[in-house]
>>> print(open('input_23.cif').read())   # mmCIF, C-alpha atoms and all ligand atoms
data_run
loop_
_atom_site.label_atom_id
_atom_site.label_comp_id
_atom_site.auth_asym_id
_atom_site.auth_seq_id
_atom_site.Cartn_x
_atom_site.Cartn_y
_atom_site.Cartn_z
CA ALA Q 41 36.74 145.41 -59.50
CA ALA Q 42 37.66 148.64 -57.73
CA GLN Q 43 37.47 148.75 -53.97
CA LYS Q 44 35.90 151.48 -51.91
CA SER Q 45 38.54 153.20 -49.77
CA THR Q 46 37.60 153.62 -46.13
CA PRO Q 47 37.97 157.31 -45.26
CA ALA Q 48 35.23 159.50 -46.71
CA THR Q 49 36.69 162.60 -48.32
CA GLU Q 50 35.79 165.72 -50.29
CA SER Q 51 38.61 165.06 -52.71
CA VAL Q 52 37.53 164.02 -56.16
CA LEU Q 53 41.00 162.85 -57.11
CA GLU Q 54 43.65 161.48 -54.79
CA ILE Q 55 47.09 160.40 -55.88
CA ASP Q 56 48.66 158.60 -52.97
CA ASP Q 57 52.39 157.86 -52.88
CA VAL Q 58 52.49 156.96 -56.56
CA SER Q 59 55.70 155.94 -58.33
CA LYS Q 60 56.31 155.15 -61.97
CA ARG Q 61 59.41 153.75 -63.63
CA PHE Q 62 60.26 153.30 -67.28
CA GLY Q 63 63.08 150.74 -67.35
CA ASP Q 64 65.68 151.94 -64.86
CA GLU Q 65 64.42 155.49 -64.83
CA THR Q 66 62.12 156.58 -62.02
CA VAL Q 67 59.92 159.18 -63.65
CA ILE Q 68 57.47 159.73 -60.77
CA GLU Q 69 58.68 159.34 -57.23
CA ASN Q 70 56.27 158.91 -54.31
CA LEU Q 71 53.95 161.59 -55.59
CA SER Q 72 50.92 162.49 -53.50
CA LEU Q 73 48.29 165.02 -54.39
CA SER Q 74 44.60 165.56 -53.83
CA VAL Q 75 42.23 167.70 -55.83
CA GLU Q 76 39.02 169.08 -54.36
CA ASP Q 77 35.63 169.12 -56.00
CA GLY Q 78 35.44 171.92 -58.58
CA GLU Q 79 39.08 172.85 -58.20
CA ILE Q 80 41.46 173.65 -61.08
CA LEU Q 81 44.92 172.39 -60.26
CA THR Q 82 47.92 172.78 -62.55
CA LEU Q 83 51.07 170.70 -62.60
CA LEU Q 84 53.83 173.10 -63.59
CA GLY Q 85 57.37 172.04 -64.33
CA PRO Q 86 60.14 171.83 -66.91
CA SER Q 87 60.05 169.49 -69.86
CA GLY Q 88 60.55 165.86 -68.88
CA CYS Q 89 59.69 166.28 -65.19
CA GLY Q 90 56.84 163.77 -65.40
CA LYS Q 91 53.74 165.93 -65.81
CA THR Q 92 52.28 164.06 -68.76
CA THR Q 93 53.05 160.72 -67.14
CA THR Q 94 51.10 161.85 -64.06
CA LEU Q 95 48.06 162.68 -66.20
CA ARG Q 96 48.36 159.38 -68.06
CA LEU Q 97 48.43 157.54 -64.72
CA VAL Q 98 45.22 159.30 -63.68
CA ALA Q 99 43.57 158.61 -67.03
CA GLY Q 100 44.45 154.92 -66.79
CA LEU Q 101 46.81 155.02 -69.79
CA GLU Q 102 49.72 153.93 -67.58
CA ARG Q 103 49.90 151.63 -64.57
CA PRO Q 104 51.76 152.88 -61.47
CA ASP Q 105 54.59 150.77 -60.00
CA GLY Q 106 53.53 151.72 -56.51
CA GLY Q 107 50.91 153.71 -54.66
CA GLU Q 108 47.25 154.26 -55.26
CA ILE Q 109 45.00 156.54 -57.29
CA ARG Q 110 41.43 157.18 -56.15
CA LEU Q 111 38.59 158.88 -57.99
CA ASP Q 112 35.60 159.86 -55.87
CA GLY Q 113 36.95 157.58 -53.17
CA ASP Q 114 37.19 154.51 -55.44
CA VAL Q 115 40.58 152.93 -56.04
CA VAL Q 116 41.15 153.00 -59.80
CA SER Q 117 44.87 152.13 -59.78
CA GLY Q 118 46.87 150.22 -57.22
CA ASN Q 119 46.07 147.86 -54.42
CA GLY Q 120 45.61 145.07 -56.93
CA SER Q 121 42.97 146.83 -58.97
CA PHE Q 122 43.07 148.72 -62.22
CA ARG Q 123 40.19 150.36 -64.03
CA SER Q 124 40.39 150.93 -67.75
CA PRO Q 125 40.29 154.51 -69.06
CA GLU Q 126 36.66 154.03 -70.18
CA GLU Q 127 35.60 153.03 -66.67
CA ARG Q 128 37.12 156.04 -64.95
CA GLY Q 129 34.81 158.94 -65.83
CA VAL Q 130 37.81 161.06 -66.75
CA GLY Q 131 37.85 163.44 -69.72
CA VAL Q 132 41.08 164.30 -71.50
CA VAL Q 133 42.06 167.26 -73.68
CA PHE Q 134 45.45 166.93 -75.36
CA GLN Q 135 47.53 169.57 -77.09
CA GLU Q 136 46.83 168.22 -80.55
CA PHE Q 137 43.08 168.64 -80.22
CA ALA Q 138 42.36 165.85 -82.73
CA LEU Q 139 38.78 166.56 -83.70
CA PHE Q 140 37.23 164.15 -86.15
CA PRO Q 141 37.69 166.00 -89.44
CA HIS Q 142 34.69 164.42 -91.13
CA LEU Q 143 32.31 165.35 -88.30
CA THR Q 144 30.80 168.80 -87.68
CA ALA Q 145 31.42 170.68 -84.44
CA GLY Q 146 28.06 169.46 -83.14
CA GLU Q 147 28.76 165.85 -84.12
CA ASN Q 148 32.19 166.03 -82.50
CA VAL Q 149 30.62 167.20 -79.24
CA ALA Q 150 27.99 164.45 -79.49
CA PHE Q 151 30.64 161.78 -80.04
CA GLY Q 152 30.87 160.55 -76.44
CA LEU Q 153 27.10 160.59 -75.99
CA LYS Q 154 26.17 157.63 -78.19
CA GLU Q 155 24.29 155.95 -75.37
CA TRP Q 156 22.21 158.99 -74.53
CA ASP Q 157 18.60 159.48 -75.72
CA ASP Q 158 18.42 161.52 -78.90
CA ASP Q 159 16.63 164.41 -77.17
CA GLU Q 160 19.01 164.50 -74.25
CA ARG Q 161 22.01 164.28 -76.53
CA GLU Q 162 20.77 167.17 -78.70
CA ALA Q 163 20.09 169.25 -75.59
CA ARG Q 164 23.54 168.49 -74.17
CA VAL Q 165 25.28 169.44 -77.43
CA THR Q 166 23.31 172.71 -77.55
CA GLU Q 167 24.23 173.44 -73.94
CA LEU Q 168 27.94 172.72 -74.45
CA LEU Q 169 28.25 174.70 -77.69
CA GLU Q 170 26.61 177.60 -75.90
CA LEU Q 171 29.02 177.25 -72.98
CA VAL Q 172 32.03 177.48 -75.30
CA GLY Q 173 30.45 180.24 -77.41
CA LEU Q 174 30.12 178.25 -80.63
CA SER Q 175 26.39 177.81 -81.11
CA ALA Q 176 26.61 179.39 -84.58
CA GLN Q 177 29.36 176.96 -85.63
CA ARG Q 178 27.40 173.78 -84.86
CA ASP Q 179 27.39 172.63 -88.49
CA SER Q 180 30.92 173.73 -89.35
CA TYR Q 181 33.66 171.20 -90.00
CA PRO Q 182 36.97 171.44 -88.10
CA ASP Q 183 38.85 172.82 -91.11
CA GLU Q 184 36.35 175.70 -91.22
CA LEU Q 185 37.17 176.68 -87.64
CA SER Q 186 40.10 178.67 -86.24
CA GLY Q 187 42.60 177.02 -83.90
CA GLY Q 188 40.95 178.57 -80.86
CA GLN Q 189 37.50 177.48 -82.00
CA GLN Q 190 38.75 173.94 -82.60
CA GLN Q 191 40.23 173.86 -79.14
CA ARG Q 192 36.91 174.99 -77.67
CA VAL Q 193 35.08 172.24 -79.57
CA ALA Q 194 37.59 169.74 -78.16
CA LEU Q 195 36.89 171.09 -74.69
CA ALA Q 196 33.12 170.86 -75.22
CA ARG Q 197 33.52 167.29 -76.48
CA SER Q 198 35.47 166.29 -73.36
CA LEU Q 199 32.98 167.99 -71.04
CA ALA Q 200 29.86 166.59 -72.71
CA PRO Q 201 29.79 163.17 -70.99
CA GLU Q 202 30.01 164.96 -67.61
CA PRO Q 203 33.39 163.60 -66.50
CA ASP Q 204 34.19 163.68 -62.78
CA VAL Q 205 37.62 164.99 -63.63
CA LEU Q 206 38.94 166.71 -66.72
CA LEU Q 207 42.61 166.38 -67.61
CA LEU Q 208 44.21 169.03 -69.82
CA ASP Q 209 47.66 168.34 -71.25
CA GLU Q 210 49.28 171.53 -72.56
CA PRO Q 211 45.95 172.39 -74.16
CA PHE Q 212 47.08 175.73 -75.58
CA SER Q 213 50.58 175.02 -76.79
CA ASN Q 214 49.49 174.80 -80.44
CA LEU Q 215 47.88 178.24 -80.34
CA ASP Q 216 49.59 181.55 -81.01
CA VAL Q 217 50.42 183.83 -78.09
CA ASP Q 218 47.40 186.17 -78.26
CA LEU Q 219 44.97 183.33 -78.52
CA ARG Q 220 46.70 181.37 -75.80
CA VAL Q 221 46.24 184.23 -73.37
CA ARG Q 222 42.54 184.62 -74.27
CA MET Q 223 41.91 180.87 -74.10
CA ARG Q 224 43.29 180.65 -70.55
CA GLU Q 225 40.67 183.11 -69.32
CA GLU Q 226 38.00 181.49 -71.43
CA VAL Q 227 38.75 177.95 -70.34
CA ARG Q 228 38.90 178.95 -66.69
CA ARG Q 229 35.46 180.58 -67.03
CA ILE Q 230 34.06 177.52 -68.82
CA LEU Q 231 35.42 175.06 -66.25
CA LYS Q 232 34.12 177.15 -63.36
CA GLU Q 233 30.72 177.53 -64.99
CA ALA Q 234 30.54 173.78 -65.58
CA GLY Q 235 31.76 173.16 -62.00
CA VAL Q 236 34.32 170.68 -63.28
CA THR Q 237 37.31 169.40 -61.34
CA ALA Q 238 40.34 169.80 -63.58
CA VAL Q 239 44.01 168.92 -63.60
CA SER Q 240 46.05 170.71 -66.19
CA VAL Q 241 49.69 170.41 -67.20
CA THR Q 242 51.97 173.12 -68.52
CA HIS Q 243 55.55 174.37 -68.48
CA ASP Q 244 54.29 177.96 -68.85
CA GLN Q 245 54.26 179.65 -65.45
CA GLU Q 246 52.01 182.49 -66.57
CA GLU Q 247 49.45 180.03 -67.86
CA ALA Q 248 49.60 178.03 -64.62
CA MET Q 249 49.19 181.09 -62.44
CA SER Q 250 46.37 182.69 -64.42
CA MET Q 251 44.27 179.54 -64.82
CA SER Q 252 44.56 177.69 -61.57
CA ASP Q 253 43.18 177.67 -58.08
CA ARG Q 254 46.34 175.86 -57.01
CA VAL Q 255 49.65 175.17 -58.69
CA ALA Q 256 51.86 172.13 -58.00
CA VAL Q 257 55.44 172.80 -59.05
CA VAL Q 258 57.00 169.53 -60.22
CA ASN Q 259 60.72 168.88 -60.44
CA ALA Q 260 62.18 165.53 -61.52
CA GLY Q 261 59.05 163.55 -60.71
CA ARG Q 262 58.43 165.13 -57.31
CA ILE Q 263 56.20 167.95 -56.14
CA GLU Q 264 58.41 170.72 -54.80
CA GLN Q 265 55.58 172.93 -53.64
CA ILE Q 266 51.85 173.20 -53.94
CA GLY Q 267 49.71 176.22 -53.18
CA ARG Q 268 47.72 179.16 -54.49
CA PRO Q 269 49.47 181.00 -57.33
CA GLU Q 270 50.32 183.99 -55.08
CA GLN Q 271 51.74 181.68 -52.44
CA VAL Q 272 54.09 179.80 -54.71
CA PHE Q 273 55.15 182.95 -56.54
CA GLN Q 274 55.74 185.20 -53.54
CA HIS Q 275 56.74 182.59 -50.99
CA PRO Q 276 58.55 179.81 -52.80
CA GLU Q 277 59.97 177.15 -50.52
CA SER Q 278 62.91 176.25 -52.70
CA ARG Q 279 65.25 178.05 -55.05
CA PHE Q 280 64.02 175.84 -57.85
CA VAL Q 281 60.45 177.07 -57.35
CA ALA Q 282 61.63 180.67 -56.93
CA SER Q 283 63.53 180.62 -60.21
CA PHE Q 284 61.09 178.50 -62.19
CA LEU Q 285 58.17 180.82 -61.49
CA GLY Q 286 59.83 184.02 -62.55
CA HIS Q 287 62.95 186.12 -62.52
CA ALA Q 288 64.60 185.75 -59.12
CA SER Q 289 67.61 187.55 -57.62
CA PHE Q 290 69.02 186.83 -54.19
CA LEU Q 291 70.34 189.52 -51.91
CA SER Q 292 72.53 188.62 -48.94
CA GLY Q 293 71.77 190.08 -45.58
CA THR Q 294 72.45 189.75 -41.90
CA VAL Q 295 69.55 189.66 -39.51
CA GLY Q 296 69.78 192.39 -36.88
CA HIS Q 297 67.45 193.35 -34.09
CA ASP Q 298 65.07 195.51 -36.11
CA GLY Q 299 65.71 194.36 -39.62
CA VAL Q 300 68.08 192.86 -42.13
CA SER Q 301 71.11 194.79 -43.30
CA THR Q 302 71.74 194.41 -47.01
CA ALA Q 303 73.55 196.18 -49.82
CA LEU Q 304 70.35 198.20 -50.22
CA GLY Q 305 70.44 199.32 -46.60
CA GLU Q 306 68.40 198.02 -43.72
CA ILE Q 307 65.12 196.31 -44.58
CA PRO Q 308 62.68 196.38 -41.64
CA ARG Q 309 61.86 193.04 -40.04
CA GLU Q 310 58.13 193.40 -40.77
CA ARG Q 311 58.87 193.48 -44.50
CA ILE Q 312 60.32 189.97 -44.29
CA HIS Q 313 58.17 186.87 -44.37
CA GLY Q 314 58.12 184.84 -41.15
CA LEU Q 315 61.44 186.07 -39.77
CA ALA Q 316 61.44 184.89 -36.16
CA PRO Q 317 63.54 186.67 -33.47
CA GLU Q 318 65.84 183.65 -33.04
CA TYR Q 319 67.30 184.36 -36.49
CA GLU Q 320 69.06 187.45 -35.14
CA GLY Q 321 72.70 187.26 -36.16
CA SER Q 322 72.06 184.79 -39.02
CA ALA Q 323 73.13 185.22 -42.62
CA ILE Q 324 70.20 184.95 -45.01
CA GLU Q 325 69.39 185.59 -48.66
CA LEU Q 326 66.33 187.60 -49.59
CA LEU Q 327 64.41 186.76 -52.73
CA VAL Q 328 63.78 189.86 -54.81
CA ARG Q 329 61.83 189.87 -58.03
CA PRO Q 330 62.15 192.64 -60.63
CA ASP Q 331 58.95 194.38 -59.52
CA ASP Q 332 60.04 194.36 -55.86
CA LEU Q 333 62.69 197.01 -56.54
CA GLU Q 334 62.71 200.57 -57.76
CA ALA Q 335 65.82 202.18 -59.25
CA THR Q 336 66.35 205.95 -59.21
CA PRO Q 337 69.20 207.73 -60.95
CA ASN Q 338 71.54 208.88 -58.21
CA PRO Q 339 75.26 209.68 -58.57
CA ASP Q 340 75.76 208.56 -54.95
CA GLY Q 341 73.71 205.35 -55.38
CA SER Q 342 74.99 201.89 -54.57
CA GLY Q 343 74.55 200.30 -58.00
CA VAL Q 344 75.28 200.66 -61.68
CA VAL Q 345 73.01 199.71 -64.58
CA ALA Q 346 74.70 196.73 -66.24
CA SER Q 347 72.11 196.04 -68.91
CA ARG Q 348 68.70 197.03 -70.10
CA ARG Q 349 66.25 194.75 -71.89
CA TYR Q 350 63.29 196.31 -73.64
CA LEU Q 351 60.08 194.35 -73.08
CA GLY Q 352 57.45 196.63 -74.62
CA PRO Q 353 55.46 198.16 -71.78
CA THR Q 354 58.40 197.76 -69.41
CA ALA Q 355 62.15 197.34 -69.42
CA LEU Q 356 64.15 194.89 -67.34
CA TYR Q 357 67.40 196.22 -65.87
CA GLU Q 358 70.28 194.33 -64.38
CA ILE Q 359 71.88 196.37 -61.63
CA GLU Q 360 75.35 195.58 -60.36
CA LEU Q 361 75.65 196.55 -56.73
CA ASP Q 362 78.90 197.78 -55.18
CA SER Q 363 78.67 194.68 -52.97
CA GLY Q 364 79.30 192.55 -56.08
CA GLU Q 365 75.74 191.24 -56.18
CA THR Q 366 73.48 191.59 -59.20
CA VAL Q 367 69.75 192.22 -58.94
CA SER Q 368 67.09 192.83 -61.57
CA CYS Q 369 64.41 195.45 -61.56
CA MET Q 370 61.55 196.28 -63.85
CA HIS Q 371 60.33 199.73 -64.82
CA ASN Q 372 57.84 201.32 -67.13
CA HIS Q 373 59.24 204.06 -69.33
CA ASP Q 374 58.67 206.95 -66.86
CA VAL Q 375 62.26 206.42 -65.85
CA ARG Q 376 64.86 205.91 -68.53
CA LEU Q 377 68.06 204.33 -67.33
CA ASP Q 378 71.03 203.55 -69.49
CA ARG Q 379 73.95 201.24 -69.14
CA GLY Q 380 76.54 202.70 -66.80
CA ASP Q 381 74.09 205.00 -64.98
CA ARG Q 382 74.55 205.04 -61.24
CA VAL Q 383 71.32 204.35 -59.34
CA SER Q 384 70.01 203.88 -55.87
CA LEU Q 385 67.56 201.08 -55.24
CA SER Q 386 64.62 200.99 -52.89
CA LEU Q 387 62.09 198.36 -51.99
CA ALA Q 388 58.79 198.71 -53.84
CA ALA Q 389 57.23 195.36 -52.91
CA ALA Q 390 53.78 195.60 -51.37
CA HIS Q 391 54.15 192.12 -49.91
CA ASP Q 392 56.66 190.73 -47.44
CA LEU Q 393 59.83 189.26 -48.93
CA SER Q 394 60.75 185.59 -48.83
CA TRP Q 395 64.18 184.45 -47.74
CA PHE Q 396 66.42 181.43 -47.51
CA PRO Q 397 69.07 180.63 -44.95
CA GLU Q 398 72.41 181.45 -46.60
CA GLY Q 399 73.37 178.78 -49.13
CA ALA Q 400 70.27 176.64 -48.45
CA GLU Q 401 68.35 175.19 -51.39
CA THR Q 402 65.06 175.17 -49.53
CA VAL Q 403 63.35 176.98 -46.74
CA VAL Q 404 64.12 175.02 -43.62
CA ASP Q 405 61.44 174.66 -40.98
CA ARG Q 406 61.17 178.14 -39.55
P1 LIG Q 501 57.01 167.54 -71.50
O1 LIG Q 501 56.57 168.86 -70.95
O2 LIG Q 501 58.24 167.61 -72.32
O3 LIG Q 501 55.90 166.74 -72.13
P2 LIG Q 501 56.67 166.03 -69.08
O4 LIG Q 501 56.97 166.72 -67.81
O5 LIG Q 501 55.25 165.88 -69.45
O6 LIG Q 501 57.49 166.68 -70.23
P3 LIG Q 501 56.79 163.17 -69.30
O7 LIG Q 501 56.27 163.16 -70.69
O8 LIG Q 501 55.91 162.75 -68.21
O9 LIG Q 501 57.36 164.61 -68.95
O10 LIG Q 501 58.13 162.30 -69.29
C1 LIG Q 501 58.92 162.13 -68.13
C2 LIG Q 501 60.09 161.22 -68.43
O11 LIG Q 501 59.64 159.91 -68.71
C3 LIG Q 501 60.90 161.64 -69.63
O12 LIG Q 501 62.26 161.43 -69.33
C4 LIG Q 501 60.44 160.69 -70.72
O13 LIG Q 501 61.46 160.47 -71.65
C5 LIG Q 501 60.11 159.44 -69.95
N1 LIG Q 501 59.03 158.66 -70.58
C6 LIG Q 501 57.75 159.06 -70.74
N2 LIG Q 501 57.00 158.08 -71.31
C7 LIG Q 501 57.83 157.03 -71.51
C8 LIG Q 501 57.66 155.71 -72.04
N3 LIG Q 501 56.48 155.27 -72.49
N4 LIG Q 501 58.76 154.92 -72.08
C9 LIG Q 501 59.94 155.33 -71.62
N5 LIG Q 501 60.17 156.54 -71.09
C10 LIG Q 501 59.14 157.38 -71.03
#
>>> encode(input="input_23.cif", output="structure tokens")
Amino acid sequence: AAQKSTPATESVLEIDDVSKRFGDETVIENLSLSVEDGEILTLLGPSGCGKTTTLRLVAGLERPDGGEIRLDGDVVSGNGSFRSPEERGVGVVFQEFALFPHLTAGENVAFGLKEWDDDEREARVTELLELVGLSAQRDSYPDELSGGQQQRVALARSLAPEPDVLLLDEPFSNLDVDLRVRMREEVRRILKEAGVTAVSVTHDQEEAMSMSDRVAVVNAGRIEQIGRPEQVFQHPESRFVASFLGHASFLSGTVGHDGVSTALGEIPRERIHGLAPEYEGSAIELLVRPDDLEATPNPDGSGVVASRRYLGPTALYEIELDSGETVSCMHNHDVRLDRGDRVSLSLAAAHDLSWFPEGAETVVDR
């Protein structure tokens, strides 16, 4: 039987110092994480970093080798106890949405409600189909539904039994790009409307950032950083996070009294995130993303366009600076720059720039 943990908490899900090995390989290493009531949290990381294993540990499909998992304060894994998946009140949506092909949309949604009264079950199915916008498709079979509709039925089916926590494992990866983008918005709305606590897994940074209240960036079985999407994107605490979340260039600079001198000129101190006075004289590297910079054709500029990549609404330019550094910048088509054009660069970022001590992999305590 599960034991009640002592401290009362608002967290619906707590993963506490959990490790998981397969043979000699440690796949999850001392991972801790808590998810608040109604929160959508996404585990984001490269293939093989342990995201799916983390979800399977929470669902009760794997046993941890160390640590504890608590749901609503009850220990469900660890400390000598282990609850089966059925006893956990956790819903799961996997990438292959696996609806029952011989059941209608309505019957699929009703599947987990066998023990409910007929009236209540009917009412719940009606409510869920409405929530996912498929009331008219109640009697359709899966093969009569589009991929996006099938995925919404799968979501409704997982939400129907009122799980405490919903786990979503790459739920959109089988959908085409357009639909994937629409489904992110849709699923976020549905989860918020249902007030469900959700943990989702993806390797797609755009999906993570657009769907989640918080993002946990996972690297080799460990959480590198956790925070709101803006926080992790604009103020990454490691180079891994900086580069995994989007295009990142690093610009060397020396901290002076009023600012940082770089190949782009002096950048005022107040434009730099958390740069304390004691850093004066230090060598640092500023993180610049393509939309932080603006390039203007200028024969006396300090850089040359090395390449141009057309991306539809924008183009991504690589600029080689006279200092030997390369930075990227993004522009719409108001400005047309070609390879070999000389440009000057200025800072366009509305936010303050992050930085790393020279050569450091992570932000040290600052
Ligand atoms: P992906 O995005 O590719 O699904 P992931 O981050 O979800 O990756 P996991 O599926 O959690 O990663 O796998 C993490 C590591 O654990 C991988 O190296 C994988 O090969 C290994 N692994 C997962 N399940 C098992 C298992 N049952 N037995 C042995 N090794 C496993």
>>> atom_distance(input="input_23.cif", atom1="CA of Met223 in chain Q", atom2="atom O9 of ligand LIG 501 (chain Q)")
23.0 Å
>>> axis_aligned_box(input="input_23.cif", around="range 323-340 of chain Q", padding_each_side="3 Å", output="JSON")
{"center_x": 67.4, "center_y": 197.3, "center_z": -51.8, "size_x": 22.8, "size_y": 30.7, "size_z": 24.3}
>>> residues_around(input="input_23.cif", residues="Pro397 in chain Q", least_positions_apart="2", cutoff="9 Å", atoms="only C-alpha atoms", output="number ranges by chain")
Q: 322-326, 395, 399-404
>>> closest_residue(input="input_23.cif", among="Q:Arg379, Q:Arg268, Q:His373, Q:His275", to="Gly314 in chain Q", atoms="all atoms listed in the file")
Q:His275
>>> closest_atom_pairs(input="input_23.cif", of="chain Q", to="ligand LIG 501 (chain Q)", cutoff="10 Å", atoms="only C-alpha atoms and all ligand atoms", output="JSON lines")
{"residue": "Q:Lys60", "atom": "CA", "partner": "Q:LIG501", "partner_atom": "O11", "distance": 8.9}
{"residue": "Q:Arg61", "atom": "CA", "partner": "Q:LIG501", "partner_atom": "O11", "distance": 8.0}
{"residue": "Q:Phe62", "atom": "CA", "partner": "Q:LIG501", "partner_atom": "C9", "distance": 4.8}
{"residue": "Q:Gly63", "atom": "CA", "partner": "Q:LIG501", "partner_atom": "C9", "distance": 7.0}
{"residue": "Q:Asp64", "atom": "CA", "partner": "Q:LIG501", "partner_atom": "C9", "distance": 9.5}
{"residue": "Q:Glu65", "atom": "CA", "partner": "Q:LIG501", "partner_atom": "O11", "distance": 7.6}
{"residue": "Q:Thr66", "atom": "CA", "partner": "Q:LIG501", "partner_atom": "O11", "distance": 7.9}
{"residue": "Q:Val67", "atom": "CA", "partner": "Q:LIG501", "partner_atom": "O11", "distance": 5.1}
{"residue": "Q:Ile68", "atom": "CA", "partner": "Q:LIG501", "partner_atom": "C1", "distance": 7.9}
{"residue": "Q:Leu83", "atom": "CA", "partner": "Q:LIG501", "partner_atom": "O4", "distance": 8.8}
{"residue": "Q:Leu84", "atom": "CA", "partner": "Q:LIG501", "partner_atom": "O4", "distance": 8.3}
{"residue": "Q:Gly85", "atom": "CA", "partner": "Q:LIG501", "partner_atom": "O4", "distance": 6.4}
{"residue": "Q:Pro86", "atom": "CA", "partner": "Q:LIG501", "partner_atom": "O4", "distance": 6.1}
{"residue": "Q:Ser87", "atom": "CA", "partner": "Q:LIG501", "partner_atom": "O2", "distance": 3.6}
{"residue": "Q:Gly88", "atom": "CA", "partner": "Q:LIG501", "partner_atom": "O9", "distance": 3.4}
{"residue": "Q:Cys89", "atom": "CA", "partner": "Q:LIG501", "partner_atom": "O4", "distance": 3.8}
{"residue": "Q:Gly90", "atom": "CA", "partner": "Q:LIG501", "partner_atom": "O8", "distance": 3.1}
{"residue": "Q:Lys91", "atom": "CA", "partner": "Q:LIG501", "partner_atom": "O4", "distance": 3.9}
{"residue": "Q:Thr92", "atom": "CA", "partner": "Q:LIG501", "partner_atom": "O5", "distance": 3.6}
{"residue": "Q:Thr93", "atom": "CA", "partner": "Q:LIG501", "partner_atom": "O8", "distance": 3.7}
{"residue": "Q:Thr94", "atom": "CA", "partner": "Q:LIG501", "partner_atom": "O8", "distance": 6.4}
{"residue": "Q:Leu95", "atom": "CA", "partner": "Q:LIG501", "partner_atom": "O8", "distance": 8.1}
{"residue": "Q:Arg96", "atom": "CA", "partner": "Q:LIG501", "partner_atom": "O8", "distance": 8.3}
{"residue": "Q:Leu97", "atom": "CA", "partner": "Q:LIG501", "partner_atom": "O8", "distance": 9.8}
{"residue": "Q:Glu102", "atom": "CA", "partner": "Q:LIG501", "partner_atom": "N3", "distance": 8.5}
{"residue": "Q:Asp209", "atom": "CA", "partner": "Q:LIG501", "partner_atom": "O5", "distance": 8.2}
{"residue": "Q:Glu210", "atom": "CA", "partner": "Q:LIG501", "partner_atom": "O1", "distance": 7.9}
{"residue": "Q:Val241", "atom": "CA", "partner": "Q:LIG501", "partner_atom": "O5", "distance": 7.5}
{"residue": "Q:Thr242", "atom": "CA", "partner": "Q:LIG501", "partner_atom": "O1", "distance": 6.7}
{"residue": "Q:His243", "atom": "CA", "partner": "Q:LIG501", "partner_atom": "O1", "distance": 6.1}
{"residue": "Q:Asp244", "atom": "CA", "partner": "Q:LIG501", "partner_atom": "O1", "distance": 9.6}
{"residue": "Q:Val258", "atom": "CA", "partner": "Q:LIG501", "partner_atom": "O4", "distance": 8.1}
{"residue": "Q:Asn259", "atom": "CA", "partner": "Q:LIG501", "partner_atom": "O4", "distance": 8.5}
{"residue": "Q:Ala260", "atom": "CA", "partner": "Q:LIG501", "partner_atom": "C1", "distance": 8.1}
{"residue": "Q:Gly261", "atom": "CA", "partner": "Q:LIG501", "partner_atom": "C1", "distance": 7.6}
>>> build_atoms(input="input_23.cif", residues="range 77-87 of chain Q", atoms="N, CA and C atoms", output="mmCIF file, in the frame of the given file")
data_model
loop_
_atom_site.group_PDB
_atom_site.id
_atom_site.type_symbol
_atom_site.label_atom_id
_atom_site.label_comp_id
_atom_site.auth_asym_id
_atom_site.auth_seq_id
_atom_site.Cartn_x
_atom_site.Cartn_y
_atom_site.Cartn_z
ATOM 1 N N ASP Q 77 36.749 168.988 -55.081
ATOM 2 C CA ASP Q 77 35.630 169.120 -56.000
ATOM 3 C C ASP Q 77 35.574 170.534 -56.601
ATOM 4 N N GLY Q 78 35.571 170.627 -57.899
ATOM 5 C CA GLY Q 78 35.440 171.920 -58.580
ATOM 6 C C GLY Q 78 36.727 172.713 -58.685
ATOM 7 N N GLU Q 79 37.811 172.124 -58.219
ATOM 8 C CA GLU Q 79 39.080 172.850 -58.200
ATOM 9 C C GLU Q 79 39.825 172.711 -59.538
ATOM 10 N N ILE Q 80 40.554 173.752 -59.925
ATOM 11 C CA ILE Q 80 41.460 173.650 -61.080
ATOM 12 C C ILE Q 80 42.879 173.643 -60.527
ATOM 13 N N LEU Q 81 43.558 172.525 -60.737
ATOM 14 C CA LEU Q 81 44.920 172.390 -60.260
ATOM 15 C C LEU Q 81 45.851 172.213 -61.453
ATOM 16 N N THR Q 82 46.968 172.921 -61.443
ATOM 17 C CA THR Q 82 47.920 172.780 -62.550
ATOM 18 C C THR Q 82 49.234 172.212 -62.068
ATOM 19 N N LEU Q 83 49.722 171.216 -62.813
ATOM 20 C CA LEU Q 83 51.070 170.700 -62.600
ATOM 21 C C LEU Q 83 51.990 171.528 -63.483
ATOM 22 N N LEU Q 84 52.924 172.210 -62.860
ATOM 23 C CA LEU Q 84 53.830 173.100 -63.590
ATOM 24 C C LEU Q 84 55.251 172.609 -63.390
ATOM 25 N N GLY Q 85 55.987 172.469 -64.483
ATOM 26 C CA GLY Q 85 57.370 172.040 -64.330
ATOM 27 C C GLY Q 85 58.062 171.995 -65.673
ATOM 28 N N PRO Q 86 59.380 171.847 -65.660
ATOM 29 C CA PRO Q 86 60.140 171.830 -66.910
ATOM 30 C C PRO Q 86 59.845 170.569 -67.722
ATOM 31 N N SER Q 87 60.233 170.614 -68.966
ATOM 32 C CA SER Q 87 60.050 169.490 -69.860
ATOM 33 C C SER Q 87 60.704 168.230 -69.287
#
